[in-house]
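S.K.: Please read through the structure below; I'll follow up with questions.
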Amino acid sequence: MAKAASCFVHSSSFVDEGAAVGEGARIWHFCHVSAGARIGRNCVLGQNVFVADGVTIGDNCKIQNNVSIYTGTILEDDVFLGPSCVLTNVTNPRSQVIRHSLYEKTLIRRGASVGANATVVCGIEIGRYAFIGAGAVVVANVPDYSLMMGVPARQCGWMSRHGHRLASPDHDGVMICPESGFRYRELVPGVLRCLDLAEESPLPADLAIGAKSYDQFKKG
């Protein structure tokens, strides 16, 4: 086990030999990290999380209680997985048919959030800063910054990097995040980009800590 000295693993959890856990990571009660898994820096694994062999988890990911991440899954940096969300790795599973060599890849790009009890069917890509609503069932690729809701999940709008639904664009086609003030625009139909900060850039320190609740923003 390649475990950084600064990481924390609760005594009820198991990190197998051959796993790698980055600096500052915190692994809480009843978790199991398999050999061959890679967990980045400053990640948080809540209670009862399973990470399978071959899974790659980037830096600063937050994985809430009761989530299993199976072989074939890649999480980029800053991904949030809500409580009891479900990831899969075989589209057509049968107990009688062994498909261990046929696991399908699921890529969850930087900054995306998957809501509580949502299901992500394998073999797809969830784009950067996409937001999957609670209980949604995602069956196809998801564009960057998109808000996905329902069964099956459909795009219902755009979300800012700070997790706010963007209002209708102004006459210049610009949508503004109420928390950060960052401007967003569809460069071409279906492709949203932030005009003020590159998608791979870290948030400025003064915008990385929330000061108002979601309800406060809703009330204006």
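As shown in the structure tokens, the chain order sets the letters A, B, ...; within each chain, residues go from 1, and ligands are also counted from 1 in the order they appear.
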What's around segment 30-38 of chain A at 7 Å? Count only C-alpha atoms, leave out sequence neighbours fewer than 6 positions away in its own chain, and write the answer as a count of residues only.

M.R.: 21

S.K.: Give me, as a list in words, the residues of segment 154-217 of chain A that a backbone DSSP run labels strand (DSSP E or B).

M.R.: Arg154, Gln155, Cys156, Gly157, Trp158, Met159, Arg165, Val174, Met175, Ile176, Arg183, Tyr184, Arg185, Glu186, Leu187, Val188, Val191, Leu192, Arg193 and Cys194 of chain A

S.K.: Produce a file of the selected residues containing N, CA and C atoms, as a PDB file, in the first residue's frame.

M.R.:
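Dumped everything to part20.pdb:
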ATOM      1  N   ARG A 154     -32.481  14.042 -18.766  1.00  0.00           N
ATOM      2  CA  ARG A 154     -32.465  14.959 -19.906  1.00  0.00           C
ATOM      3  C   ARG A 154     -31.925  16.309 -19.448  1.00  0.00           C
ATOM      4  N   GLN A 155     -31.319  17.023 -20.372  1.00  0.00           N
ATOM      5  CA  GLN A 155     -30.764  18.327 -20.008  1.00  0.00           C
ATOM      6  C   GLN A 155     -31.892  19.325 -19.789  1.00  0.00           C
ATOM      7  N   CYS A 156     -31.839  19.981 -18.617  1.00  0.00           N
ATOM      8  CA  CYS A 156     -32.880  20.937 -18.238  1.00  0.00           C
ATOM      9  C   CYS A 156     -32.355  22.359 -18.162  1.00  0.00           C
ATOM     10  N   GLY A 157     -31.090  22.562 -18.478  1.00  0.00           N
ATOM     11  CA  GLY A 157     -30.507  23.889 -18.405  1.00  0.00           C
ATOM     12  C   GLY A 157     -29.002  23.781 -18.239  1.00  0.00           C
ATOM     13  N   TRP A 158     -28.426  24.905 -17.821  1.00  0.00           N
ATOM     14  CA  TRP A 158     -26.987  25.001 -17.605  1.00  0.00           C
ATOM     15  C   TRP A 158     -26.696  25.343 -16.152  1.00  0.00           C
ATOM     16  N   MET A 159     -25.587  24.826 -15.646  1.00  0.00           N
ATOM     17  CA  MET A 159     -25.153  25.109 -14.273  1.00  0.00           C
ATOM     18  C   MET A 159     -23.808  25.811 -14.296  1.00  0.00           C
ATOM     19  N   ARG A 165     -28.025  27.194 -11.142  1.00  0.00           N
ATOM     20  CA  ARG A 165     -28.670  27.144 -12.452  1.00  0.00           C
ATOM     21  C   ARG A 165     -28.598  28.525 -13.087  1.00  0.00           C
ATOM     22  N   VAL A 174     -25.086  36.135 -22.867  1.00  0.00           N
ATOM     23  CA  VAL A 174     -24.296  35.886 -21.661  1.00  0.00           C
ATOM     24  C   VAL A 174     -25.203  35.517 -20.494  1.00  0.00           C
ATOM     25  N   MET A 175     -24.787  34.510 -19.726  1.00  0.00           N
ATOM     26  CA  MET A 175     -25.452  34.108 -18.489  1.00  0.00           C
ATOM     27  C   MET A 175     -24.465  34.312 -17.341  1.00  0.00           C
ATOM     28  N   ILE A 176     -24.945  34.816 -16.204  1.00  0.00           N
ATOM     29  CA  ILE A 176     -24.051  35.190 -15.106  1.00  0.00           C
ATOM     30  C   ILE A 176     -24.361  34.362 -13.872  1.00  0.00           C
ATOM     31  N   ARG A 183     -19.122  34.995 -16.098  1.00  0.00           N
ATOM     32  CA  ARG A 183     -20.001  35.019 -17.266  1.00  0.00           C
ATOM     33  C   ARG A 183     -19.838  33.728 -18.078  1.00  0.00           C
ATOM     34  N   TYR A 184     -20.961  33.248 -18.604  1.00  0.00           N
ATOM     35  CA  TYR A 184     -20.978  32.030 -19.411  1.00  0.00           C
ATOM     36  C   TYR A 184     -21.713  32.310 -20.718  1.00  0.00           C
ATOM     37  N   ARG A 185     -21.275  31.613 -21.783  1.00  0.00           N
ATOM     38  CA  ARG A 185     -21.945  31.770 -23.077  1.00  0.00           C
ATOM     39  C   ARG A 185     -21.818  30.468 -23.858  1.00  0.00           C
ATOM     40  N   GLU A 186     -22.867  30.155 -24.625  1.00  0.00           N
ATOM     41  CA  GLU A 186     -22.779  29.040 -25.565  1.00  0.00           C
ATOM     42  C   GLU A 186     -21.959  29.507 -26.774  1.00  0.00           C
ATOM     43  N   LEU A 187     -20.768  28.922 -26.955  1.00  0.00           N
ATOM     44  CA  LEU A 187     -19.923  29.305 -28.081  1.00  0.00           C
ATOM     45  C   LEU A 187     -20.532  28.827 -29.392  1.00  0.00           C
ATOM     46  N   VAL A 188     -21.058  27.617 -29.351  1.00  0.00           N
ATOM     47  CA  VAL A 188     -21.899  27.076 -30.422  1.00  0.00           C
ATOM     48  C   VAL A 188     -23.039  26.378 -29.702  1.00  0.00           C
ATOM     49  N   VAL A 191     -22.606  23.937 -26.493  1.00  0.00           N
ATOM     50  CA  VAL A 191     -21.247  23.995 -25.923  1.00  0.00           C
ATOM     51  C   VAL A 191     -21.117  25.279 -25.109  1.00  0.00           C
ATOM     52  N   LEU A 192     -21.163  25.136 -23.788  1.00  0.00           N
ATOM     53  CA  LEU A 192     -21.079  26.282 -22.894  1.00  0.00           C
ATOM     54  C   LEU A 192     -19.654  26.423 -22.376  1.00  0.00           C
ATOM     55  N   ARG A 193     -19.198  27.674 -22.268  1.00  0.00           N
ATOM     56  CA  ARG A 193     -17.886  27.946 -21.705  1.00  0.00           C
ATOM     57  C   ARG A 193     -17.969  29.153 -20.784  1.00  0.00           C
ATOM     58  N   CYS A 194     -17.091  29.139 -19.778  1.00  0.00           N
ATOM     59  CA  CYS A 194     -16.940  30.295 -18.905  1.00  0.00           C
ATOM     60  C   CYS A 194     -16.043  31.309 -19.602  1.00  0.00           C
TER      61      CYS A 194
END

S.K.: Go through A:Gly82, A:Thr73, A:Pro169, A:Gly111 and flag the residue nearest Gly123 of chain A, using only C-alpha atoms for the distances.

M.R.: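 Nearest to Gly123 of chain A: A:Thr73.
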
S.K.: Restricting the calculation to only C-alpha atoms, which member of A:Lys218, A:Arg110, A:His162, A:His100 is positioned closest to Ser201 of chain A?

M.R.: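 For Ser201 of chain A, the nearest of the candidates is A:Arg110.
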
S.K.: Which polymer residues have any atom within 10 Å of an atom of Gly163 of chain A, counting only C-alpha atoms, with same-chain residues fewer than 5 positions away left out, as a list in words?

M.R.: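 In the requested format, the answer is Gly111, Ala112, Ser113, Tyr129, Ala130, Phe131, Tyr145, Leu147, Trp158, Cys177, Pro178, Glu179 and Tyr214 of chain A.
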
S.K.: Which residue is closest to Leu102 of chain A? Choose from A:Leu87, A:Leu81, A:Gly72, A:Ile126 and count only C-alpha atoms.

M.R.: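 Comparing A:Leu87, A:Leu81, A:Gly72, A:Ile126 against Leu102 of chain A, the winner is A:Gly72.
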
S.K.: Compare A:Ile74, A:Leu166, A:Val114, A:Val9 by their minimum atom-to-atom distance to Arg26 of chain A, counting only C-alpha atoms, and give me the closest one.

M.R.: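 Under the stated criterion, the closest residue is A:Val9.
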
S.K.: Interatomic distance between atom CA of Thr91 of chain A and atom CA of Arg109 of chain A?

M.R.: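 Spanning atom CA of Thr91 of chain A to atom CA of Arg109 of chain A is a straight-line distance of 20.4 Å.
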
S.K.: What residues in segment 78-212 of chain A get the DSSP label helix (DSSP H, G or I)? Please answer as a PDB file with C-alpha atoms, in the first residue's frame.

M.R.:
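The new file result-v1.pdb reads:
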ATOM      1  CA  HIS A 100     -14.380  -9.496 -16.193  1.00  0.00           C
ATOM      2  CA  SER A 101     -12.267  -8.576 -19.216  1.00  0.00           C
ATOM      3  CA  LEU A 102     -15.054  -6.495 -20.754  1.00  0.00           C
ATOM      4  CA  ALA A 205      -9.088  31.673  -3.117  1.00  0.00           C
ATOM      5  CA  ASP A 206     -11.836  34.211  -2.359  1.00  0.00           C
ATOM      6  CA  LEU A 207     -14.334  32.198  -4.434  1.00  0.00           C
TER       7      LEU A 207
END
